[in-house]
Amino acid sequence: MERDLVLVVDDIEINREILKEILLDDYDVIQASNGFEAIEQIMEHGEKISLVLLDIMMPEMDGYEVLDVMRSGGYLRKIPVIIITAASGDENEIRGLQSGASDFVGKPFSPEVVKCRAASQIELKNHRTHLEMLVEENVQKVVYVRETVLELLASVIEYRHIESGEHVKRTRVMAEHLMRLIKKSRLMDDEMSRININMVAKAVPLHDIGKISTPDHILLKPGKLTNEEFEIMKEHTTRGAQIISELKDIEDPVYLQYCHDICLSHHEKWDGTGYPNKLTGPEIPFVARIMSIVDVYDALTSERVYKAAFTQEEAVKIIDEGKGRAFDPIITQIFIENADSFMDLKMI
């Protein structure tokens with residue numbers, strides 16, 4: 001069984017050796033002879049260190065400065081520190097505790113007191129770590145269930161639309177592929193730096209979730225929609241955004257924002273002739289611009305109740321003609337240059 005690791009920091013070697021001897025039966029012990037060495041050890045071992053025994057009075061970098069560095073680096077949230085010092089007085093103990101130390105032991109010290117204090121802090125640290133792991137596991141389970149339920153809902157909408165249900169899966173894979181191509185091109189580094197590719201890909205399947213409110217006689221109509229029917233069909237964008245807004249209690253605002261932007265704006269067009277808000281150019285959320293191309297490409301190359309599938313060449317030509325009108329010109333160019341790879345994904 002792996003033992004807990006204790007870092008002993010003191011500029012006097014005999015003090016370090018005494019503390020090592022006290023603790024060695026129960027823990028692995030590493031040493032630092034000054035504050036700089038202590039920080040190096042902490043940076044090297046990180047959270048593997050279960051406890052730091054820290055002297056205050058040291059040359060160059062004292063114990064208070066070590067605590068400051070640990071706090072600014074986020075280490076104090078994970079690694080408890082016990083100050084062991086000959087600096088007497090309540091003010092030193094108060095300053096140490098206010099600086100982030102978990103406990104304070106004065107010199108000369110009792111070996112049994114050091115053992116008990118160390119055991120207590122390490123037990124608390126390990127218990128906190130265990131609780132954090134349990135919380136993270138439960139959070140991941142909730143996230144998985146939420147994403148699964150939402151994707152199933154998206155698939156149900158596609159099945160209701162008398163389509164295979166594969167559309168949501170294909171567009172997710174294609175959107176992720178397109179984002180990675182954009183990132184590789186370095187042409188839109190500013191936009192790419194602000195998104196999480198994996199999270200956007202998880203949001204893509206919900207792009208048409210608003211169609212759950214579209215009447216069957218419109219959604220399933222095999223022929224061309226009338227102007228009035230098309231106006232009702234267009235409402236799936238705002239309805240989808242409203243549905244996503246109802247999920248505001250989920251503690252994942254970035255993911256929900258991606259879902260909202262994709263639902264609401266994936267039918268906007270670069271030249272402002274899209275819907276529902278007639279946004280133009282960069283006004284259209286970046287993730288929606290990506291979604292619009294893969295959505296149109298998959299729709300064009302798939303058979304629908306109202307049309308036969310277009311060939312790859314026909315679909316690519318239509319998208320190319322939409323560059324700068326329907327679609328972001330840079331994203332479109334990247335898509336066109338890699339069009340064959342999207343057909344390969346569609347065939348998987």
# chains A, B, ... in the order shown; residues from 1 in each chain; ligands from 1

call {"tool": "select_by_dssp", "arguments": {"residues": "stretch 130-325 of chain A", "states": "alpha helix (DSSP H)", "output": "PyMOL selection string"}}
result
chain A and resi 130-160+166-185+189-192+197-203+216-219+227-234+236-245+253-265+286-300+312-321

call {"tool": "residues_around", "arguments": {"residues": "A:Phe310", "least_positions_apart": "3", "cutoff": "6 Å", "atoms": "only C-alpha atoms", "output": "ChimeraX atom specification"}}
result
/A:300-301,314-315

call {"tool": "residues_around", "arguments": {"residues": "A:Val105", "least_positions_apart": "6", "cutoff": "10 Å", "atoms": "only C-alpha atoms", "output": "list in words"}}
result
Leu53, Leu54, Asp55, Ile82, Ile83, Ile84, Thr85, Ala86, Ser88, Glu93, Val113, Val114 and Arg117 of chain A

call {"tool": "write_last_selection", "arguments": {"atoms": "N, CA and C atoms", "output": "mmCIF file, in the first residue's frame"}}
result
data_model
loop_
_atom_site.group_PDB
_atom_site.id
_atom_site.type_symbol
_atom_site.label_atom_id
_atom_site.label_comp_id
_atom_site.auth_asym_id
_atom_site.auth_seq_id
_atom_site.Cartn_x
_atom_site.Cartn_y
_atom_site.Cartn_z
ATOM 1 N N LEU A 53 5.436 20.080 6.841
ATOM 2 C CA LEU A 53 5.857 20.602 8.142
ATOM 3 C C LEU A 53 6.820 21.740 7.857
ATOM 4 N N LEU A 54 6.435 22.946 8.206
ATOM 5 C CA LEU A 54 7.127 24.141 7.714
ATOM 6 C C LEU A 54 7.684 24.991 8.841
ATOM 7 N N ASP A 55 9.009 25.223 8.778
ATOM 8 C CA ASP A 55 9.635 26.175 9.687
ATOM 9 C C ASP A 55 9.352 27.590 9.196
ATOM 10 N N ILE A 82 1.510 22.350 8.520
ATOM 11 C CA ILE A 82 1.674 22.571 9.955
ATOM 12 C C ILE A 82 2.951 23.374 10.158
ATOM 13 N N ILE A 83 2.827 24.532 10.781
ATOM 14 C CA ILE A 83 4.013 25.333 11.106
ATOM 15 C C ILE A 83 4.655 24.761 12.363
ATOM 16 N N ILE A 84 5.952 24.492 12.265
ATOM 17 C CA ILE A 84 6.715 24.048 13.435
ATOM 18 C C ILE A 84 7.870 25.026 13.606
ATOM 19 N N THR A 85 7.811 25.847 14.661
ATOM 20 C CA THR A 85 8.768 26.933 14.759
ATOM 21 C C THR A 85 9.065 27.295 16.202
ATOM 22 N N ALA A 86 10.238 27.892 16.381
ATOM 23 C CA ALA A 86 10.617 28.406 17.691
ATOM 24 C C ALA A 86 10.149 29.844 17.875
ATOM 25 N N SER A 88 7.989 32.246 19.022
ATOM 26 C CA SER A 88 6.897 32.180 19.987
ATOM 27 C C SER A 88 6.008 33.416 19.870
ATOM 28 N N GLU A 93 1.547 32.734 15.653
ATOM 29 C CA GLU A 93 0.565 31.678 15.388
ATOM 30 C C GLU A 93 -0.603 32.227 14.585
ATOM 31 N N VAL A 113 3.089 14.719 20.123
ATOM 32 C CA VAL A 113 2.223 15.798 19.639
ATOM 33 C C VAL A 113 2.367 15.947 18.133
ATOM 34 N N VAL A 114 3.600 15.928 17.646
ATOM 35 C CA VAL A 114 3.833 16.034 16.197
ATOM 36 C C VAL A 114 3.154 14.886 15.468
ATOM 37 N N ARG A 117 -0.695 15.454 15.559
ATOM 38 C CA ARG A 117 -1.109 16.557 14.696
ATOM 39 C C ARG A 117 -0.970 16.172 13.222
#

call {"tool": "closest_atom_pairs", "arguments": {"of": "stretch 164-258 of chain A", "to": "stretch 262-270 of chain A", "cutoff": "10 Å", "atoms": "only C-alpha atoms", "output": "CSV"}}
result
residue,atom,partner,partner_atom,distance
A:Val200,CA,A:Ile262,CA,9.0
A:Ala203,CA,A:Ile262,CA,7.6
A:Val204,CA,A:Ile262,CA,6.9
A:Pro205,CA,A:Ile262,CA,9.5
A:Leu206,CA,A:Cys263,CA,6.8
A:His207,CA,A:Cys263,CA,4.4
A:Asp208,CA,A:Cys263,CA,6.3
A:Ile209,CA,A:Cys263,CA,7.3
A:Gly210,CA,A:Cys263,CA,7.5
A:Lys234,CA,A:His267,CA,8.7
A:Glu235,CA,A:Leu264,CA,9.4
A:His236,CA,A:Cys263,CA,8.1
A:Thr237,CA,A:Leu264,CA,4.5
A:Thr238,CA,A:Leu264,CA,5.5
A:Arg239,CA,A:Leu264,CA,8.2
A:Gly240,CA,A:Cys263,CA,5.5
A:Ala241,CA,A:Leu264,CA,5.4
A:Gln242,CA,A:Leu264,CA,8.9
A:Ile243,CA,A:Cys263,CA,9.5
A:Ile244,CA,A:Cys263,CA,8.4
A:Leu256,CA,A:Ile262,CA,9.8
A:Gln257,CA,A:Ile262,CA,8.5
A:Tyr258,CA,A:Ile262,CA,6.1

call {"tool": "residues_around", "arguments": {"residues": "A:Ile330", "least_positions_apart": "6", "cutoff": "9 Å", "atoms": "only C-alpha atoms", "output": "list of chain:residue names"}}
result
A:Ile182, A:Leu187, A:Met188, A:Lys323, A:Gly324

call {"tool": "write_last_selection", "arguments": {"atoms": "N, CA and C atoms", "output": "PDB file, in the first residue's frame"}}
result
ATOM      1  N   ILE A 182     -10.709  23.565 -38.726  1.00  0.00           N
ATOM      2  CA  ILE A 182     -10.566  25.015 -38.544  1.00  0.00           C
ATOM      3  C   ILE A 182      -9.393  25.315 -37.615  1.00  0.00           C
ATOM      4  N   LEU A 187      -6.676  29.717 -39.243  1.00  0.00           N
ATOM      5  CA  LEU A 187      -7.273  30.893 -39.870  1.00  0.00           C
ATOM      6  C   LEU A 187      -8.250  31.614 -38.943  1.00  0.00           C
ATOM      7  N   MET A 188      -8.712  30.921 -37.917  1.00  0.00           N
ATOM      8  CA  MET A 188      -9.701  31.514 -37.016  1.00  0.00           C
ATOM      9  C   MET A 188      -9.300  31.237 -35.566  1.00  0.00           C
ATOM     10  N   LYS A 323     -21.050  30.468 -50.184  1.00  0.00           N
ATOM     11  CA  LYS A 323     -19.941  31.113 -49.456  1.00  0.00           C
ATOM     12  C   LYS A 323     -20.091  32.634 -49.484  1.00  0.00           C
ATOM     13  N   GLY A 324     -20.129  33.226 -48.332  1.00  0.00           N
ATOM     14  CA  GLY A 324     -20.274  34.674 -48.233  1.00  0.00           C
ATOM     15  C   GLY A 324     -21.712  35.146 -48.345  1.00  0.00           C
TER      16      GLY A 324
END

call {"tool": "atom_distance", "arguments": {"atom1": "atom CA of A:Val316", "atom2": "atom CA of A:Lys184"}}
result
21.0 Å

call {"tool": "select_by_dssp", "arguments": {"residues": "stretch 21-58 of chain A", "states": "strand (DSSP E)", "output": "NGL selection string"}}
result
:A and (28-32 or 49-54)

call {"tool": "write_last_selection", "arguments": {"atoms": "N, CA and C atoms", "output": "PDB file, in the first residue's frame"}}
result
ATOM      1  N   ASP A  28       6.309   8.283   4.208  1.00  0.00           N
ATOM      2  CA  ASP A  28       7.525   8.592   3.458  1.00  0.00           C
ATOM      3  C   ASP A  28       7.828  10.061   3.669  1.00  0.00           C
ATOM      4  N   VAL A  29       9.110  10.390   3.823  1.00  0.00           N
ATOM      5  CA  VAL A  29       9.495  11.757   4.174  1.00  0.00           C
ATOM      6  C   VAL A  29      10.514  12.281   3.167  1.00  0.00           C
ATOM      7  N   ILE A  30      10.246  13.486   2.646  1.00  0.00           N
ATOM      8  CA  ILE A  30      11.235  14.194   1.832  1.00  0.00           C
ATOM      9  C   ILE A  30      11.550  15.502   2.539  1.00  0.00           C
ATOM     10  N   GLN A  31      12.696  16.123   2.182  1.00  0.00           N
ATOM     11  CA  GLN A  31      13.164  17.287   2.925  1.00  0.00           C
ATOM     12  C   GLN A  31      13.473  18.454   2.003  1.00  0.00           C
ATOM     13  N   ALA A  32      13.424  19.651   2.586  1.00  0.00           N
ATOM     14  CA  ALA A  32      13.872  20.872   1.920  1.00  0.00           C
ATOM     15  C   ALA A  32      14.564  21.724   2.960  1.00  0.00           C
ATOM     16  N   ILE A  49       1.991  15.081  -2.160  1.00  0.00           N
ATOM     17  CA  ILE A  49       2.390  15.473  -0.809  1.00  0.00           C
ATOM     18  C   ILE A  49       1.139  15.564   0.056  1.00  0.00           C
ATOM     19  N   SER A  50       1.125  14.818   1.144  1.00  0.00           N
ATOM     20  CA  SER A  50      -0.049  14.797   2.024  1.00  0.00           C
ATOM     21  C   SER A  50       0.036  15.823   3.138  1.00  0.00           C
ATOM     22  N   LEU A  51       1.246  16.302   3.423  1.00  0.00           N
ATOM     23  CA  LEU A  51       1.417  17.247   4.526  1.00  0.00           C
ATOM     24  C   LEU A  51       2.766  17.936   4.390  1.00  0.00           C
ATOM     25  N   VAL A  52       2.803  19.234   4.750  1.00  0.00           N
ATOM     26  CA  VAL A  52       4.061  19.980   4.828  1.00  0.00           C
ATOM     27  C   VAL A  52       4.257  20.419   6.279  1.00  0.00           C
ATOM     28  N   LEU A  53       5.436  20.080   6.841  1.00  0.00           N
ATOM     29  CA  LEU A  53       5.857  20.602   8.142  1.00  0.00           C
ATOM     30  C   LEU A  53       6.820  21.740   7.857  1.00  0.00           C
ATOM     31  N   LEU A  54       6.435  22.946   8.206  1.00  0.00           N
ATOM     32  CA  LEU A  54       7.127  24.141   7.714  1.00  0.00           C
ATOM     33  C   LEU A  54       7.684  24.991   8.841  1.00  0.00           C
TER      34      LEU A  54
END

call {"tool": "closest_residue", "arguments": {"among": "A:Arg325, A:Asn34, A:Ala118, A:Asn92", "to": "A:Gly272", "atoms": "only C-alpha atoms"}}
result
A:Arg325

call {"tool": "closest_residue", "arguments": {"among": "A:Asp298, A:Asp189, A:Glu137, A:Asp90", "to": "A:Thr171", "atoms": "only C-alpha atoms"}}
result
A:Asp298

call {"tool": "residues_around", "arguments": {"residues": "stretch 333-339 of chain A", "least_positions_apart": "5", "cutoff": "12 Å", "atoms": "only C-alpha atoms", "output": "PyMOL selection string"}}
result
chain A and resi 174-175+177-188+289-294+297-298+312-324+327-328+344-346

call {"tool": "atom_distance", "arguments": {"atom1": "atom CA of A:Gly35", "atom2": "atom CA of A:Glu132"}}
result
29.3 Å

call {"tool": "closest_residue", "arguments": {"among": "A:Ser193, A:Thr311, A:Ser33, A:Ser99", "to": "A:Glu60", "atoms": "only C-alpha atoms"}}
result
A:Ser33
